[in-house]
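Shown below: upload_1.tsv, with TSV, C-alpha atoms and all ligand atoms.
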```
chain	number	residue	atom	x	y	z
A	191	MET	CA	-17.74	-58.27	-55.76
A	192	THR	CA	-16.53	-56.17	-52.96
A	193	LEU	CA	-14.77	-57.48	-49.87
A	194	ILE	CA	-15.12	-55.24	-46.83
A	195	ALA	CA	-13.41	-56.28	-43.60
A	196	LEU	CA	-14.45	-54.90	-40.22
A	197	CYS	CA	-12.26	-55.10	-37.12
A	198	SER	CA	-11.55	-53.39	-33.82
A	199	ALA	CA	-8.46	-52.32	-31.90
A	200	ASN	CA	-9.76	-52.81	-28.37
A	201	GLY	CA	-12.86	-53.60	-26.34
A	202	ALA	CA	-16.11	-54.62	-27.97
A	203	PRO	CA	-17.13	-51.47	-29.84
A	204	GLY	CA	-19.76	-53.20	-31.99
A	205	VAL	CA	-17.91	-54.83	-34.91
A	206	THR	CA	-20.38	-57.69	-35.27
A	207	THR	CA	-23.36	-55.36	-35.03
A	208	ALA	CA	-21.80	-53.02	-37.59
A	209	ALA	CA	-21.12	-55.88	-40.04
A	210	LEU	CA	-24.72	-57.06	-39.78
A	211	ALA	CA	-26.15	-53.52	-40.00
A	212	LEU	CA	-24.04	-52.58	-43.04
A	213	ALA	CA	-24.87	-55.83	-44.85
A	214	TRP	CA	-28.54	-55.24	-44.09
A	215	ALA	CA	-28.46	-51.61	-45.26
A	216	TRP	CA	-26.25	-52.29	-48.30
A	217	PRO	CA	-27.96	-51.29	-51.56
A	218	LEU	CA	-29.06	-54.52	-53.23
A	219	GLU	CA	-30.34	-53.17	-56.52
A	220	GLY	CA	-30.06	-55.26	-59.69
A	221	GLY	CA	-30.31	-58.64	-57.99
A	222	ARG	CA	-27.25	-58.18	-55.79
A	223	SER	CA	-26.94	-59.77	-52.37
A	224	SER	CA	-24.78	-59.26	-49.30
A	225	LEU	CA	-22.94	-61.93	-47.36
A	226	VAL	CA	-21.62	-61.53	-43.80
A	227	ILE	CA	-18.72	-63.81	-43.01
A	228	ASP	CA	-18.04	-64.28	-39.33
A	229	ALA	CA	-14.24	-64.60	-39.27
A	230	ASP	CA	-13.79	-63.54	-35.65
A	231	PRO	CA	-11.21	-66.02	-34.27
A	232	ALA	CA	-12.40	-65.29	-30.73
A	233	GLY	CA	-15.89	-66.58	-31.52
A	234	SER	CA	-18.37	-63.87	-32.37
A	235	GLY	CA	-21.76	-63.11	-30.92
A	236	ILE	CA	-23.59	-63.94	-34.14
A	237	LEU	CA	-23.92	-67.64	-33.49
A	238	PRO	CA	-25.41	-67.63	-30.01
A	239	GLY	CA	-27.30	-64.45	-30.82
A	240	TYR	CA	-28.86	-63.89	-34.17
A	241	LEU	CA	-29.58	-67.38	-35.35
A	242	GLN	CA	-29.72	-69.06	-31.98
A	243	ALA	CA	-30.35	-72.75	-32.53
A	244	ALA	CA	-30.72	-72.46	-36.32
A	245	ILE	CA	-27.08	-73.28	-37.06
A	246	PRO	CA	-26.03	-76.90	-37.08
A	247	ALA	CA	-22.94	-77.51	-34.93
A	248	GLY	CA	-19.74	-77.43	-36.96
A	249	GLY	CA	-21.31	-75.64	-39.98
A	250	GLY	CA	-20.13	-72.43	-41.65
A	251	VAL	CA	-16.43	-71.61	-41.59
A	252	LEU	CA	-15.55	-74.81	-39.72
A	253	THR	CA	-17.02	-76.97	-42.49
A	254	LEU	CA	-15.14	-74.97	-45.12
A	255	ALA	CA	-11.90	-75.18	-43.13
A	256	ALA	CA	-12.20	-78.97	-43.06
A	257	ARG	CA	-12.38	-79.18	-46.89
A	258	ARG	CA	-9.19	-79.69	-48.85
A	259	GLY	CA	-8.06	-77.65	-51.82
A	260	PRO	CA	-9.28	-74.36	-53.20
A	261	LEU	CA	-12.77	-73.09	-52.45
A	262	THR	CA	-15.21	-71.54	-54.90
A	263	GLY	CA	-17.83	-68.84	-54.44
A	264	ASP	CA	-20.46	-71.58	-54.63
A	265	ASP	CA	-18.79	-73.34	-51.70
A	266	LEU	CA	-19.28	-70.17	-49.62
A	267	LEU	CA	-22.88	-69.75	-50.73
A	268	GLY	CA	-23.57	-73.45	-50.09
A	269	GLU	CA	-22.62	-73.01	-46.43
A	270	ALA	CA	-24.39	-69.65	-46.00
A	271	LEU	CA	-27.67	-69.15	-44.19
A	272	ALA	CA	-30.33	-66.64	-45.19
A	273	LEU	CA	-30.86	-63.71	-42.81
A	274	ASP	CA	-34.02	-62.54	-44.58
A	275	PRO	CA	-36.96	-64.27	-46.26
A	276	ASN	CA	-35.71	-63.43	-49.78
A	277	GLY	CA	-32.27	-64.87	-49.17
A	278	THR	CA	-30.63	-61.63	-50.35
A	279	ARG	CA	-28.76	-61.17	-47.08
A	280	LEU	CA	-26.68	-64.14	-46.13
A	281	LEU	CA	-24.47	-65.23	-43.24
A	282	LEU	CA	-21.54	-67.61	-43.20
A	283	ALA	CA	-21.44	-68.58	-39.55
A	284	GLY	CA	-18.23	-68.46	-37.56
A	285	ILE	CA	-16.98	-70.37	-34.59
A	286	SER	CA	-18.77	-70.29	-31.27
A	287	ASN	CA	-15.89	-71.57	-29.20
A	288	PRO	CA	-12.59	-69.61	-29.14
A	289	THR	CA	-10.59	-72.86	-28.93
A	290	GLN	CA	-11.67	-73.56	-32.53
A	291	GLY	CA	-9.81	-70.45	-33.77
A	292	SER	CA	-6.57	-72.36	-34.31
A	293	SER	CA	-8.18	-74.60	-36.94
A	294	LEU	CA	-9.09	-71.70	-39.24
A	295	GLY	CA	-5.61	-70.43	-40.26
A	296	GLY	CA	-5.50	-72.31	-43.57
A	297	LEU	CA	-9.01	-71.22	-44.48
A	298	TRP	CA	-8.50	-67.46	-44.82
A	299	PRO	CA	-6.44	-67.26	-48.06
A	300	ARG	CA	-8.81	-69.74	-49.71
A	301	LEU	CA	-11.78	-67.79	-48.42
A	302	VAL	CA	-10.47	-64.52	-49.88
A	303	SER	CA	-10.06	-66.05	-53.34
A	304	ALA	CA	-13.48	-67.73	-53.08
A	305	ALA	CA	-14.97	-64.35	-52.13
A	306	HIS	CA	-13.49	-62.79	-55.27
A	307	ASP	CA	-15.02	-65.69	-57.19
A	308	LEU	CA	-18.44	-64.37	-56.09
A	309	ASP	CA	-18.28	-61.48	-58.53
A	310	PRO	CA	-20.49	-63.05	-61.21
A	311	ALA	CA	-23.08	-63.90	-58.54
A	312	GLY	CA	-23.33	-60.20	-57.58
A	313	VAL	CA	-22.49	-60.82	-53.92
A	314	ASP	CA	-20.77	-58.20	-51.76
A	315	VAL	CA	-19.00	-59.55	-48.70
A	316	PHE	CA	-18.70	-58.08	-45.18
A	317	THR	CA	-16.23	-59.91	-42.99
A	318	ASP	CA	-16.19	-59.59	-39.20
A	319	ALA	CA	-12.46	-60.04	-38.49
A	320	GLY	CA	-12.79	-59.44	-34.75
A	321	ARG	CA	-10.10	-57.71	-32.73
A	322	LEU	CA	-6.75	-56.94	-34.37
A	323	GLY	CA	-3.74	-58.69	-32.90
A	324	HIS	CA	-5.62	-61.80	-31.88
A	325	ARG	CA	-3.36	-64.85	-31.94
A	326	TYR	CA	-5.39	-66.29	-34.83
A	327	GLU	CA	-6.17	-62.97	-36.54
A	328	PRO	CA	-7.47	-63.58	-40.10
A	329	SER	CA	-4.70	-61.41	-41.60
A	330	PRO	CA	-5.21	-62.63	-45.21
A	331	VAL	CA	-8.75	-61.26	-45.04
A	332	LEU	CA	-7.49	-57.88	-43.83
A	333	ASP	CA	-4.78	-57.86	-46.52
A	334	GLY	CA	-7.17	-58.94	-49.29
A	335	ALA	CA	-10.08	-56.63	-48.47
A	336	ASP	CA	-10.98	-53.76	-50.77
A	337	VAL	CA	-11.66	-51.64	-47.69
A	338	VAL	CA	-10.84	-52.29	-44.04
A	339	VAL	CA	-13.14	-50.54	-41.56
A	340	LEU	CA	-11.79	-50.12	-38.04
A	341	VAL	CA	-14.71	-49.86	-35.60
A	342	LEU	CA	-14.33	-47.79	-32.42
A	343	ARG	CA	-16.22	-45.98	-29.69
A	344	PRO	CA	-15.58	-42.27	-29.06
A	345	THR	CA	-13.76	-42.78	-25.75
A	346	LEU	CA	-10.19	-41.84	-24.92
A	347	THR	CA	-8.99	-45.45	-24.86
A	348	GLY	CA	-11.00	-46.22	-28.00
A	349	VAL	CA	-9.48	-43.34	-29.96
A	350	VAL	CA	-5.91	-43.91	-28.74
A	351	ALA	CA	-6.02	-47.60	-29.64
A	352	ALA	CA	-7.70	-46.90	-32.98
A	353	ARG	CA	-5.11	-44.28	-33.92
A	354	ALA	CA	-2.25	-46.77	-33.47
A	355	ALA	CA	-4.16	-49.56	-35.23
A	356	LEU	CA	-5.03	-47.34	-38.21
A	357	ALA	CA	-1.39	-46.32	-38.58
A	358	ALA	CA	-0.37	-49.99	-38.69
A	359	LEU	CA	-3.12	-50.89	-41.17
A	360	ARG	CA	-2.23	-47.99	-43.45
A	361	GLU	CA	1.38	-49.02	-43.34
A	362	SER	CA	0.63	-52.63	-44.29
A	363	ARG	CA	-2.17	-51.90	-46.78
A	364	GLY	CA	-0.65	-48.99	-48.66
A	365	LEU	CA	-3.18	-46.58	-50.17
A	366	VAL	CA	-4.66	-44.61	-47.26
A	367	ARG	CA	-8.16	-44.58	-48.73
A	368	ARG	CA	-8.40	-48.37	-48.54
A	369	THR	CA	-8.52	-48.13	-44.75
A	370	THR	CA	-11.10	-46.18	-42.79
A	371	ALA	CA	-12.86	-46.00	-39.45
A	372	LEU	CA	-16.41	-46.27	-38.21
A	373	LEU	CA	-17.45	-44.59	-34.99
A	374	VAL	CA	-20.20	-46.20	-32.93
A	375	GLY	CA	-21.92	-43.34	-31.12
A	376	ASP	CA	-21.27	-39.63	-31.26
A	377	ARG	CA	-20.36	-37.23	-28.41
A	378	ALA	CA	-19.84	-39.99	-25.88
A	379	PRO	CA	-17.76	-38.12	-24.89
A	380	TYR	CA	-15.91	-37.13	-28.07
A	381	GLY	CA	-17.69	-35.85	-31.16
A	382	ALA	CA	-17.25	-37.32	-34.63
A	383	ASP	CA	-15.33	-34.23	-35.84
A	384	GLU	CA	-12.81	-34.48	-33.02
A	385	VAL	CA	-12.39	-38.22	-33.58
A	386	ALA	CA	-11.98	-37.75	-37.35
A	387	ARG	CA	-9.22	-35.18	-36.73
A	388	ALA	CA	-7.45	-37.41	-34.21
A	389	LEU	CA	-7.58	-40.36	-36.60
A	390	GLU	CA	-6.82	-38.29	-39.71
A	391	VAL	CA	-9.81	-39.81	-41.49
A	392	ASP	CA	-11.50	-37.31	-43.80
A	393	ASP	CA	-14.90	-38.99	-44.03
A	394	LEU	CA	-15.35	-40.88	-40.79
A	395	LEU	CA	-18.31	-43.28	-40.88
A	396	VAL	CA	-20.72	-42.99	-37.95
A	397	LEU	CA	-23.19	-45.52	-36.63
A	398	ALA	CA	-25.82	-44.36	-34.14
A	399	THR	CA	-26.06	-46.04	-30.76
A	400	ASP	CA	-29.47	-47.61	-30.68
A	401	ARG	CA	-29.90	-50.43	-28.23
A	402	GLY	CA	-33.23	-51.61	-29.55
A	403	ALA	CA	-32.13	-52.04	-33.17
A	404	ALA	CA	-28.70	-53.37	-32.12
A	405	SER	CA	-30.32	-56.07	-30.02
A	406	ILE	CA	-32.51	-57.09	-32.97
A	407	LEU	CA	-29.33	-57.64	-34.98
A	408	SER	CA	-27.45	-59.49	-32.25
A	409	GLY	CA	-30.32	-61.32	-30.65
A	410	GLY	CA	-32.76	-61.80	-33.50
A	411	GLY	CA	-36.16	-60.15	-33.65
A	412	VAL	CA	-38.66	-58.57	-35.94
A	413	THR	CA	-37.02	-56.59	-38.74
A	414	GLY	CA	-40.13	-54.66	-39.82
A	415	TRP	CA	-40.54	-51.02	-40.82
A	416	ARG	CA	-39.73	-49.77	-37.33
A	417	PHE	CA	-36.33	-51.51	-37.52
A	418	ALA	CA	-35.74	-50.21	-41.05
A	419	ARG	CA	-36.40	-46.63	-39.86
A	420	SER	CA	-34.40	-46.94	-36.64
A	421	SER	CA	-31.52	-44.52	-36.07
A	422	LEU	CA	-29.10	-47.47	-36.29
A	423	MET	CA	-30.32	-48.55	-39.72
A	424	ARG	CA	-30.59	-45.01	-41.08
A	425	SER	CA	-27.01	-44.35	-40.01
A	426	ALA	CA	-25.98	-47.74	-41.45
A	427	ALA	CA	-27.45	-46.72	-44.82
A	428	ALA	CA	-25.43	-43.48	-44.73
A	429	ALA	CA	-22.28	-45.39	-43.74
A	430	ALA	CA	-22.88	-47.91	-46.54
A	431	GLY	CA	-23.05	-44.96	-48.96
A	432	GLY	CA	-19.75	-43.67	-47.56
A	433	ILE	CA	-18.09	-47.04	-48.10
A	434	ARG	CA	-19.46	-47.23	-51.66
A	435	SER	CA	-18.01	-43.87	-52.59
A	436	ARG	CA	-14.69	-44.83	-51.04
A	437	LEU	CA	-14.73	-48.04	-53.10
A	438	VAL	CA	-15.37	-46.16	-56.31
A	439	SER	CA	-12.37	-43.94	-55.67
A	440	THR	CA	-10.05	-46.83	-54.77
A	441	ARG	CA	-11.21	-49.53	-57.20
A	442	LEU	CA	-8.19	-51.54	-58.23
A	443	PRO	CA	-7.83	-52.31	-61.92
A	444	GLU	CA	-8.77	-55.93	-62.68
A	445	GLY	CA	-5.91	-58.37	-62.29
A	446	THR	CA	-3.97	-56.27	-59.80
A	447	ARG	CA	-5.33	-57.83	-56.64
A	448	SER	CA	-2.80	-59.75	-54.64
B	1	LIG	N1	-24.76	-49.23	-32.54
B	1	LIG	C1	-25.04	-49.81	-31.36
B	1	LIG	N2	-25.97	-49.27	-30.54
B	1	LIG	C2	-26.26	-49.84	-29.34
B	1	LIG	N3	-25.69	-50.94	-28.88
B	1	LIG	C3	-24.75	-51.54	-29.66
B	1	LIG	C4	-24.38	-51.01	-30.94
B	1	LIG	N4	-23.43	-51.80	-31.47
B	1	LIG	C5	-23.23	-52.80	-30.59
B	1	LIG	N5	-24.01	-52.64	-29.52
B	1	LIG	C6	-24.09	-53.52	-28.35
B	1	LIG	O1	-22.78	-53.66	-27.79
B	1	LIG	C7	-22.52	-55.01	-27.44
B	1	LIG	C8	-21.28	-55.49	-28.21
B	1	LIG	O2	-21.61	-55.46	-29.60
B	1	LIG	P1	-20.89	-56.41	-30.66
B	1	LIG	O3	-21.36	-56.00	-32.00
B	1	LIG	O4	-21.05	-57.85	-30.28
B	1	LIG	O5	-19.38	-55.95	-30.44
B	1	LIG	P2	-18.01	-56.60	-30.93
B	1	LIG	O6	-18.31	-57.44	-32.13
B	1	LIG	O7	-17.12	-55.43	-31.23
B	1	LIG	O8	-17.51	-57.41	-29.79
B	1	LIG	C9	-23.81	-55.78	-27.78
B	1	LIG	O9	-24.58	-55.87	-26.63
B	1	LIG	C10	-24.49	-54.92	-28.81
B	1	LIG	O10	-25.91	-55.08	-28.83
B	2	MG	MG	-18.00	-59.47	-32.41
```
Starting from the coordinates I provided, produce the structure as structure tokens.
Amino acid sequence: MTLIALCSANGAPGVTTAALALAWAWPLEGGRSSLVIDADPAGSGILPGYLQAAIPAGGGVLTLAARRGPLTGDDLLGEALALDPNGTRLLLAGISNPTQGSSLGGLWPRLVSAAHDLDPAGVDVFTDAGRLGHRYEPSPVLDGADVVVLVLRPTLTGVVAARAALAALRESRGLVRRTTALLVGDRAPYGADEVARALEVDDLLVLATDRGAASILSGGGVTGWRFARSSLMRSAAAAAGGIRSRLVSTRLPEGTRS
């Protein structure tokens, strides 16, 4: 099992869209599946968007937060909803109302250990942690992730905020390669090379801006061959490959996770 956490430093660069796109594009060979956990304490767009009325009120992370004691991988899977007909891409829904964020604090450490418990089930986990510095930031998820991906847009404010946030993440997470950045859009106005230099990230991940495919992920829609071949999903496949190679080079020996 791999735990990947996505977050942002400012604005709404596309964290939720990136989490969904990466989980969708993630290689699922050998019976593996991917699970998106919406851990955005501000209330993410996934609930009102992607699954619209399909989620029962109070389900997902809220139900898990209300349970006492440790959680297992099966508890996470039991609350997850299928994003595709085969049930190989799953979603654990988050909160829809930001006032519910305060009730989730005790959930995050239990959720991280339950996510590690998913190893035998072959499930890789993408967590949307929302914006860093939120009052109810899911810090245990950021601390416990194998890789943290900071999502940004190539604007001056985006790059400046991301540079400071990456420095703080590297400081708290140690090993530099366990923290990286994902740029949404290229040359708007800054190019990926310039941004990579400014952030001191050697293999910056890049997601194409593609309104059509992004709105299918956030609003629901037909995920046929056109979607699979969209610039967003092709770039998501390349970014997923980049994350996989980063994981291989940073894999912690068993038993050393904190
Ligand atoms: N790669 C992209 N290409 C085009 N539009 C995007 C992309 N990523 C996000 N968006 C759009 O930007 C808006 C914010 O995206 P979202 O993923 O909800 O951001 P965040 O989670 O950072 O707040 C949405 O309207 C979404 O459709
Ligand atoms: Mg979001």
Subject >> Spatial neighbours of region 304-313 of chain A, 8 Å, all atoms listed in the file, chain gap at least 2 places, as number ranges by chain >> reply: A: 191-193, 221-225, 260-266, 300-302, 315
Subject >> Spatial neighbours of Ala208 (chain A), max dist 9 Å, only C-alpha atoms, sep filter under 2 positions, as number ranges by chain >> reply: A: 196, 204-206, 210-213, 318, 341, 372, 374, 397, 404, 426
Original post:
Any idea what's packed within 9 Å of Ala355 (chain A), counting all atoms listed in the file, ignoring anything in its chain fewer than 5 positions away? Could you give it as an NGL selection string?
Top reply: :A and (198-199 or 322 or 340 or 350 or 360)
Subject >> Selection as a list in words: residues within 6 Å of (-19.7, -58.9, -42.6), counting all atoms listed in the file >> reply: Ala209, Val226, Ile227, Phe316, Thr317 and Asp318 of chain A
Just-selected residues, C-alpha atoms written as a PDB file, in the frame of the given file:
```
ATOM      1  CA  ALA A 209     -21.120 -55.880 -40.040  1.00  0.00           C
ATOM      2  CA  VAL A 226     -21.620 -61.530 -43.800  1.00  0.00           C
ATOM      3  CA  ILE A 227     -18.720 -63.810 -43.010  1.00  0.00           C
ATOM      4  CA  PHE A 316     -18.700 -58.080 -45.180  1.00  0.00           C
ATOM      5  CA  THR A 317     -16.230 -59.910 -42.990  1.00  0.00           C
ATOM      6  CA  ASP A 318     -16.190 -59.590 -39.200  1.00  0.00           C
TER       7      ASP A 318
END
```
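Between Ile285 (chain A) and the residues A:Ala195, A:Ala255, A:Ala388, A:Val339, the shortest atom-to-atom distance, using only C-alpha atoms, involves A:Ala255.
Going from atom O6 of ligand LIG 1 (chain B) over to CA of Ala256 (chain A), you cover 24.9 Å.
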Listed atoms of ligand LIG 1 (chain B), axis-aligned box, 8 Å per side: centre and edge lengths to one decimal in Å, as JSON?
```
{"center_x": -21.7, "center_y": -53.5, "center_z": -29.6, "size_x": 25.1, "size_y": 24.6, "size_z": 21.9}
```
Subject >> Residue neighbourhood Leu359 (chain A), 12 Å, all atoms listed in the file, exclusion window fewer than 6 positions, as a PyMOL selection string >> reply: chain A and resi 195+197-199+322-323+329+332-333+335+337-340+352-353+365-371
Original post:
Suppose you want the space between CA of Val391 (chain A) and CA of Ala357 (chain A); what is it in Å?
Top reply: 11.0 Å
Subject >> Which residue of A:Asn200, A:Leu281, A:Arg321, A:Ser234 approaches ligand MG 2 (chain B) most closely, using all atoms listed in the file >> reply: A:Ser234
**OP:** Identify which of the residues A:Gly431, A:Gly414, A:Pro275, A:Gly348 lies closest to ligand LIG 1 (chain B), counting only C-alpha atoms and all ligand atoms when measuring atom-to-atom distances.
**Re:** A:Gly348
**OP:** Step by step: start from the point (-25.9, -45.9, -32.2) in the file's coordinates, keep every protein, DNA or RNA residue that has an atom no farther than 7 Å from it, count only C-alpha atoms, and write the set as a list of chain:residue names.
**Re:** A:Val374, A:Gly375, A:Leu397, A:Ala398, A:Thr399, A:Asp400, A:Ser421, A:Leu422
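Between Gly277 (chain A) and the residues A:Leu218, A:Leu342, A:Ala202, A:Ala232, the shortest atom-to-atom distance, using only C-alpha atoms, involves A:Leu218.
Across the model, the gap from CA of Gly432 (chain A) to CA of Trp214 (chain A) is 14.9 Å.
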Where atoms are missing, can you supply all heavy atoms for region 334-344 of chain A and output the lot as a tab-separated table (two decimals), in the coordinates of the input?
```tsv
chain	number	residue	atom	x	y	z
A	334	GLY	N	-6.49	-58.78	-48.00
A	334	GLY	CA	-7.17	-58.94	-49.29
A	334	GLY	C	-8.42	-58.10	-49.45
A	334	GLY	O	-9.02	-58.08	-50.53
A	335	ALA	N	-8.83	-57.39	-48.40
A	335	ALA	CA	-10.08	-56.63	-48.47
A	335	ALA	C	-9.92	-55.38	-49.32
A	335	ALA	O	-8.86	-54.76	-49.35
A	335	ALA	CB	-10.53	-56.23	-47.07
A	336	ASP	N	-10.99	-55.01	-50.01
A	336	ASP	CA	-10.98	-53.76	-50.77
A	336	ASP	C	-10.94	-52.57	-49.82
A	336	ASP	O	-10.26	-51.58	-50.08
A	336	ASP	CB	-12.25	-53.66	-51.64
A	336	ASP	CG	-12.29	-54.75	-52.68
A	336	ASP	OD1	-11.46	-54.70	-53.60
A	336	ASP	OD2	-13.09	-55.67	-52.54
A	337	VAL	N	-11.68	-52.69	-48.72
A	337	VAL	CA	-11.66	-51.64	-47.69
A	337	VAL	C	-11.65	-52.32	-46.33
A	337	VAL	O	-12.39	-53.28	-46.10
A	337	VAL	CB	-12.91	-50.71	-47.79
A	337	VAL	CG1	-12.97	-49.76	-46.61
A	337	VAL	CG2	-12.89	-49.92	-49.08
A	338	VAL	N	-10.80	-51.84	-45.44
A	338	VAL	CA	-10.84	-52.29	-44.04
A	338	VAL	C	-11.45	-51.17	-43.21
A	338	VAL	O	-11.06	-50.01	-43.32
A	338	VAL	CB	-9.43	-52.64	-43.51
A	338	VAL	CG1	-9.45	-52.85	-42.00
A	338	VAL	CG2	-8.90	-53.90	-44.18
A	339	VAL	N	-12.44	-51.52	-42.40
A	339	VAL	CA	-13.14	-50.54	-41.56
A	339	VAL	C	-12.82	-50.86	-40.10
A	339	VAL	O	-13.19	-51.92	-39.59
A	339	VAL	CB	-14.67	-50.62	-41.79
A	339	VAL	CG1	-15.38	-49.60	-40.90
A	339	VAL	CG2	-15.02	-50.41	-43.26
A	340	LEU	N	-12.12	-49.93	-39.46
A	340	LEU	CA	-11.79	-50.12	-38.04
A	340	LEU	C	-12.93	-49.50	-37.21
A	340	LEU	O	-13.22	-48.31	-37.34
A	340	LEU	CB	-10.46	-49.42	-37.72
A	340	LEU	CG	-10.01	-49.59	-36.29
A	340	LEU	CD1	-9.40	-50.97	-36.08
A	340	LEU	CD2	-9.00	-48.53	-35.91
A	341	VAL	N	-13.54	-50.31	-36.38
A	341	VAL	CA	-14.71	-49.86	-35.60
A	341	VAL	C	-14.23	-49.42	-34.22
A	341	VAL	O	-13.41	-50.10	-33.60
A	341	VAL	CB	-15.74	-51.01	-35.47
A	341	VAL	CG1	-16.97	-50.56	-34.69
A	341	VAL	CG2	-16.15	-51.52	-36.86
A	342	LEU	N	-14.73	-48.27	-33.76
A	342	LEU	CA	-14.33	-47.79	-32.42
A	342	LEU	C	-15.45	-47.02	-31.76
A	342	LEU	O	-16.41	-46.60	-32.43
A	342	LEU	CB	-13.09	-46.89	-32.53
A	342	LEU	CG	-13.29	-45.47	-33.06
A	342	LEU	CD1	-12.25	-44.53	-32.45
A	342	LEU	CD2	-13.21	-45.40	-34.58
A	343	ARG	N	-15.33	-46.86	-30.46
A	343	ARG	CA	-16.22	-45.98	-29.69
A	343	ARG	C	-15.49	-44.67	-29.43
A	343	ARG	O	-14.26	-44.65	-29.36
A	343	ARG	CB	-16.58	-46.64	-28.35
A	343	ARG	CG	-17.38	-47.92	-28.50
A	343	ARG	CD	-18.87	-47.67	-28.47
A	343	ARG	NE	-19.60	-48.92	-28.68
A	343	ARG	CZ	-20.88	-49.09	-28.38
A	343	ARG	NH1	-21.58	-48.09	-27.87
A	343	ARG	NH2	-21.48	-50.23	-28.60
A	344	PRO	N	-16.23	-43.58	-29.23
A	344	PRO	CA	-15.58	-42.27	-29.06
A	344	PRO	C	-15.09	-42.01	-27.63
A	344	PRO	O	-15.42	-40.99	-27.03
A	344	PRO	CB	-16.69	-41.29	-29.45
A	344	PRO	CG	-17.95	-41.99	-29.10
A	344	PRO	CD	-17.70	-43.46	-29.27
```
